[in-house]
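Report on one structure; see the data block that follows.
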Amino acid sequence: MKILVINCGSSSLKFQLIDSESEKCLAKGLCERIGIAGSMITYAPAGGEKEKTETPMPDHTEAIRLVLEALTGPETGVVKSLDEIGAVGHRVVHGGEKFAESVLIDEDVLRAVEECNDLAPLHNPANLIGINACRKLMPGTPMVAVFDTAFHQTMPEEAYMYGLPYEYYRKYKIRRYGFHGTSHSYVSRRAAEILGKNYEDLKIIVCHLGNGASVSAVKNGRCVDTSMGLTPLEGLIMGTRSGDIDPAIIEFIAHRENKSIDEIMAVLNKKSGVLGLSDNLSSDFRDLEAGYNGGDANAVRAMRTFSYRVAKYIGAYTAAMNGVDVICFTAGVGENGPLVRSFVCEYLGYLGVALDPEANRMRGTETVITTPESRTVVMSIPTNEELAIARETLRLV
Ligand code: ADP
């Protein structure tokens, strides 16, 4: 079956058409600046030329219409008609406590997703717009929602509760949810497959280090803790997000800089992380790596502080699981960042981690980066959230 995977944001939309038998991507692309001047669609059929076209996209329905037109086009299309697309899988950011698994979309599901909008006001409404636009253009085609939060719903109460008045949980469901679940699930399973071990027998820590970054602890095939919380702001230091801070800093800055809560939240989400730590050098690890190699103190500070935080979470999750068998690095930096991987591993001597510097030089491949003697296995595994969404979609239709 050919499955269309949609990841819809407020002004952008990423898509991939995946053949579920071969698990190959047949075509992929991106619509940008939806509803803004200068809208653009990028389309790349597998093995073909990538093409970028500037064309008006007043709304998401028009964006999806253009995607479907590109996929079925006479020259660069990869299917003859829309009938060949058997199902659509949608990434949905927040499923709250309602969704511990992917679901086939119907009216009840849409209502329940809408009820989670408060928990992810920037993401969920955009995801819903994408789903509704697809339903309009492909009325008979089954659609599946795959939630970023679902994999983490197995966390025990002691991992998901904050030390806050319980009534906030009762009234508003304030608790830790976690994100990047599709990636944590895919990578942890893949680690077991590659090592030829039983997923249910392993203690795995996954470090998803991209622009957004999170760590999760997966014990016997179930997530038992993860570093993001009610929102993706908690946990690791990220590209531009602060991660964990003393909450009293918010009041401190508000008074000193005369800023509102909204302004401070914008600083914590968009101006902090390695961008802020590097004194605005960059949020991109390619720039930071270059700076580090050139001895730039701002780059050194950002990379070292980022890596230390990852190592602290690995320590915490080793404690949470009473041990760890496998540590996986994934996403942009985890897959392509030998420096960050080596800085993190420097802290892991107590786990018997012996890094293989030659293997650690690899970028973007499935590689064991420790020596055969290493007591704990450390791996780099490219994530593939689209494939994971396509698999979930196939399973449900
Ligand atoms: P997101 O999906 O959260 O936007 P990604 O997983 O694409 O993030 O990761 C983006 C990060 O990965 C950026 O900081 C980027 O610099 C880093 N990255 C990508 N390729 C490389 C590379 N070859 N070397 C080092 N870092 C890289």
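Residues are referred to by chain and number: the chain letter is A, B, ... according to the order shown in the structure tokens, the number counts from 1 in that chain, and ligands are numbered separately from 1 in the order shown.
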
Residues within 12 Å of ligand 1 (only C-alpha atoms and all ligand atoms), as a PyMOL selection string? chain A and resi 7+14+179-180+183+207-214+232+237-241+273-275+282-292+302-303+306+329-341+361-365+381-386

Stretch 125-191 of chain A near stretch 100-114 of chain A within 8 Å: what's each residue's closest atom pair and its distance in Å to one decimal, counting only C-alpha atoms, ordered by chain then ascending residue number, as CSV?
residue,atom,partner,partner_atom,distance
A:Pro125,CA,A:Glu114,CA,7.3
A:Leu128,CA,A:Leu110,CA,7.5
A:Pro142,CA,A:Leu104,CA,7.3
A:Met143,CA,A:Ile105,CA,5.5
A:Val144,CA,A:Leu104,CA,4.4
A:Ala145,CA,A:Val103,CA,5.5
A:Val146,CA,A:Ser102,CA,4.6
A:Phe147,CA,A:Ser102,CA,6.3
A:Thr149,CA,A:Ala100,CA,7.7
A:Ala150,CA,A:Ala100,CA,4.3
A:Phe151,CA,A:Ala100,CA,6.6
A:His152,CA,A:Ala100,CA,7.8
A:Gln153,CA,A:Ala100,CA,5.4
A:Thr154,CA,A:Ala100,CA,7.7

Go through A:Pro74, A:Gly178, A:Pro139, A:Gly352 and flag the residue nearest A:Ala159, using only C-alpha atoms for the distances. A:Gly178

Residue list (strand (DSSP E), DSSP) for stretch 34-88 of chain A, as a short mmCIF file (atom, residue, chain, number, x, y, z; two decimals) with all heavy atoms, in the first residue's frame:
data_model
loop_
_atom_site.label_atom_id
_atom_site.label_comp_id
_atom_site.auth_asym_id
_atom_site.auth_seq_id
_atom_site.Cartn_x
_atom_site.Cartn_y
_atom_site.Cartn_z
N MET A 40 5.78 28.49 -1.07
CA MET A 40 6.69 27.71 -1.90
C MET A 40 6.47 26.23 -1.65
O MET A 40 6.30 25.80 -0.52
CB MET A 40 8.10 28.09 -1.44
CG MET A 40 9.21 27.45 -2.19
SD MET A 40 10.12 28.69 -3.06
CE MET A 40 10.81 29.59 -1.69
N ILE A 41 6.47 25.43 -2.75
CA ILE A 41 6.42 23.98 -2.57
C ILE A 41 7.72 23.37 -3.09
O ILE A 41 8.19 23.73 -4.18
CB ILE A 41 5.17 23.34 -3.23
CG1 ILE A 41 5.23 21.80 -3.08
CG2 ILE A 41 5.03 23.72 -4.70
CD1 ILE A 41 3.91 21.10 -3.42
N THR A 42 8.32 22.51 -2.29
CA THR A 42 9.50 21.77 -2.72
C THR A 42 9.06 20.33 -2.89
O THR A 42 8.41 19.78 -2.00
CB THR A 42 10.60 21.84 -1.65
OG1 THR A 42 10.83 23.21 -1.33
CG2 THR A 42 11.91 21.22 -2.12
N TYR A 43 9.40 19.73 -4.03
CA TYR A 43 8.96 18.36 -4.30
C TYR A 43 10.12 17.56 -4.85
O TYR A 43 10.84 18.02 -5.75
CB TYR A 43 7.80 18.40 -5.32
CG TYR A 43 7.39 17.04 -5.80
CD1 TYR A 43 6.66 16.19 -4.99
CD2 TYR A 43 7.75 16.60 -7.08
CE1 TYR A 43 6.27 14.93 -5.43
CE2 TYR A 43 7.36 15.34 -7.53
CZ TYR A 43 6.63 14.51 -6.69
OH TYR A 43 6.26 13.26 -7.13
N ALA A 44 10.34 16.39 -4.30
CA ALA A 44 11.45 15.55 -4.78
C ALA A 44 11.01 14.10 -4.91
O ALA A 44 10.80 13.42 -3.91
CB ALA A 44 12.63 15.63 -3.81
N PRO A 45 10.82 13.63 -6.17
CA PRO A 45 10.55 12.20 -6.33
C PRO A 45 11.83 11.40 -6.09
O PRO A 45 12.92 11.93 -6.33
CB PRO A 45 10.11 12.09 -7.80
CG PRO A 45 10.66 13.30 -8.48
CD PRO A 45 10.91 14.35 -7.44
N GLU A 51 12.51 19.88 -7.08
CA GLU A 51 12.09 21.14 -7.69
C GLU A 51 11.36 22.03 -6.69
O GLU A 51 10.58 21.56 -5.86
CB GLU A 51 11.22 20.90 -8.94
CG GLU A 51 10.06 19.96 -8.72
CD GLU A 51 9.30 19.73 -10.02
OE1 GLU A 51 9.91 19.21 -10.98
OE2 GLU A 51 8.10 20.08 -10.06
N LYS A 52 11.64 23.33 -6.78
CA LYS A 52 11.03 24.32 -5.89
C LYS A 52 10.16 25.23 -6.73
O LYS A 52 10.64 25.76 -7.74
CB LYS A 52 12.15 25.16 -5.25
CG LYS A 52 12.49 24.77 -3.84
CD LYS A 52 13.49 25.72 -3.23
CE LYS A 52 13.48 25.55 -1.72
NZ LYS A 52 14.33 26.41 -0.99
N THR A 53 8.89 25.39 -6.34
CA THR A 53 8.01 26.26 -7.12
C THR A 53 7.35 27.27 -6.19
O THR A 53 6.77 26.88 -5.18
CB THR A 53 6.89 25.42 -7.79
OG1 THR A 53 7.47 24.23 -8.31
CG2 THR A 53 6.20 26.19 -8.90
N GLU A 54 7.44 28.54 -6.56
CA GLU A 54 6.74 29.55 -5.79
C GLU A 54 5.33 29.66 -6.35
O GLU A 54 5.15 29.83 -7.55
CB GLU A 54 7.47 30.90 -5.88
CG GLU A 54 7.14 31.76 -4.68
CD GLU A 54 7.91 33.08 -4.64
OE1 GLU A 54 9.13 33.05 -4.89
OE2 GLU A 54 7.26 34.10 -4.38
N ILE A 85 -3.29 5.89 -3.44
CA ILE A 85 -2.89 6.19 -2.06
C ILE A 85 -3.90 5.55 -1.11
O ILE A 85 -5.05 5.98 -1.05
CB ILE A 85 -2.78 7.72 -1.83
CG1 ILE A 85 -1.76 8.32 -2.82
CG2 ILE A 85 -2.41 8.04 -0.39
CD1 ILE A 85 -1.62 9.82 -2.76
N GLY A 86 -3.46 4.52 -0.40
CA GLY A 86 -4.39 3.71 0.40
C GLY A 86 -4.76 4.32 1.73
O GLY A 86 -5.80 4.01 2.30
N ALA A 87 -3.89 5.18 2.27
CA ALA A 87 -4.16 5.75 3.59
C ALA A 87 -3.26 6.96 3.82
O ALA A 87 -2.25 7.14 3.13
CB ALA A 87 -3.91 4.72 4.68
N VAL A 88 -3.68 7.78 4.78
CA VAL A 88 -2.86 8.93 5.15
C VAL A 88 -2.55 8.85 6.65
O VAL A 88 -3.45 8.60 7.46
CB VAL A 88 -3.59 10.27 4.87
CG1 VAL A 88 -2.68 11.46 5.16
CG2 VAL A 88 -4.08 10.33 3.42
#

Let me make sure I understand: among A:Asp356, A:Leu394, A:Lys219, A:Leu387, which one has the smallest atom-to-atom distance to A:Pro372 if we use only C-alpha atoms?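 Looking only at the distances to A:Pro372, the closest residue turns out to be A:Asp356.
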
Using only C-alpha atoms, find the one residue out of A:Ala319, A:Ala390, A:Leu66, A:Leu233 that sits nearest to A:Lys24. A:Ala390

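Nearest to A:Ala27 of all the residues A:Pro58, A:Gly9, A:Gly48, A:Gly73 is A:Gly48, counting only C-alpha atoms.
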
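Reported to one decimal place, the separation of atom CA of A:Asn132 from atom CA of A:His90 is 10.7 Å.
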
Please report the interatomic distance between atom CA of A:Asp325 and atom CA of A:Ser227 in Å with one decimal.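 These atoms are spaced 19.0 Å apart.
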
Quick check, in Å to one decimal: how far apart do atom CA of A:Cys345 and atom CA of A:Thr367 lie?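 Computing it gives 15.1 Å between the two atoms.
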
DSSP-assigned helix (DSSP H, G or I) among stretch 79-240 of chain A, expressed as a PyMOL selection string: chain A and resi 82-84+107-115+117-119+124-137+150-154+157-160+166-172+181-195+199-201

Select, from A:Glu49, A:Glu257, A:Val368, A:Thr376, the residue with the minimum atom-to-atom distance to A:Ala354, counting only C-alpha atoms. A:Thr376

From the options A:Leu82, A:Leu202, A:Thr231, A:Arg176, which residue's atoms come nearest to A:Gly163, counting only C-alpha atoms? A:Arg176
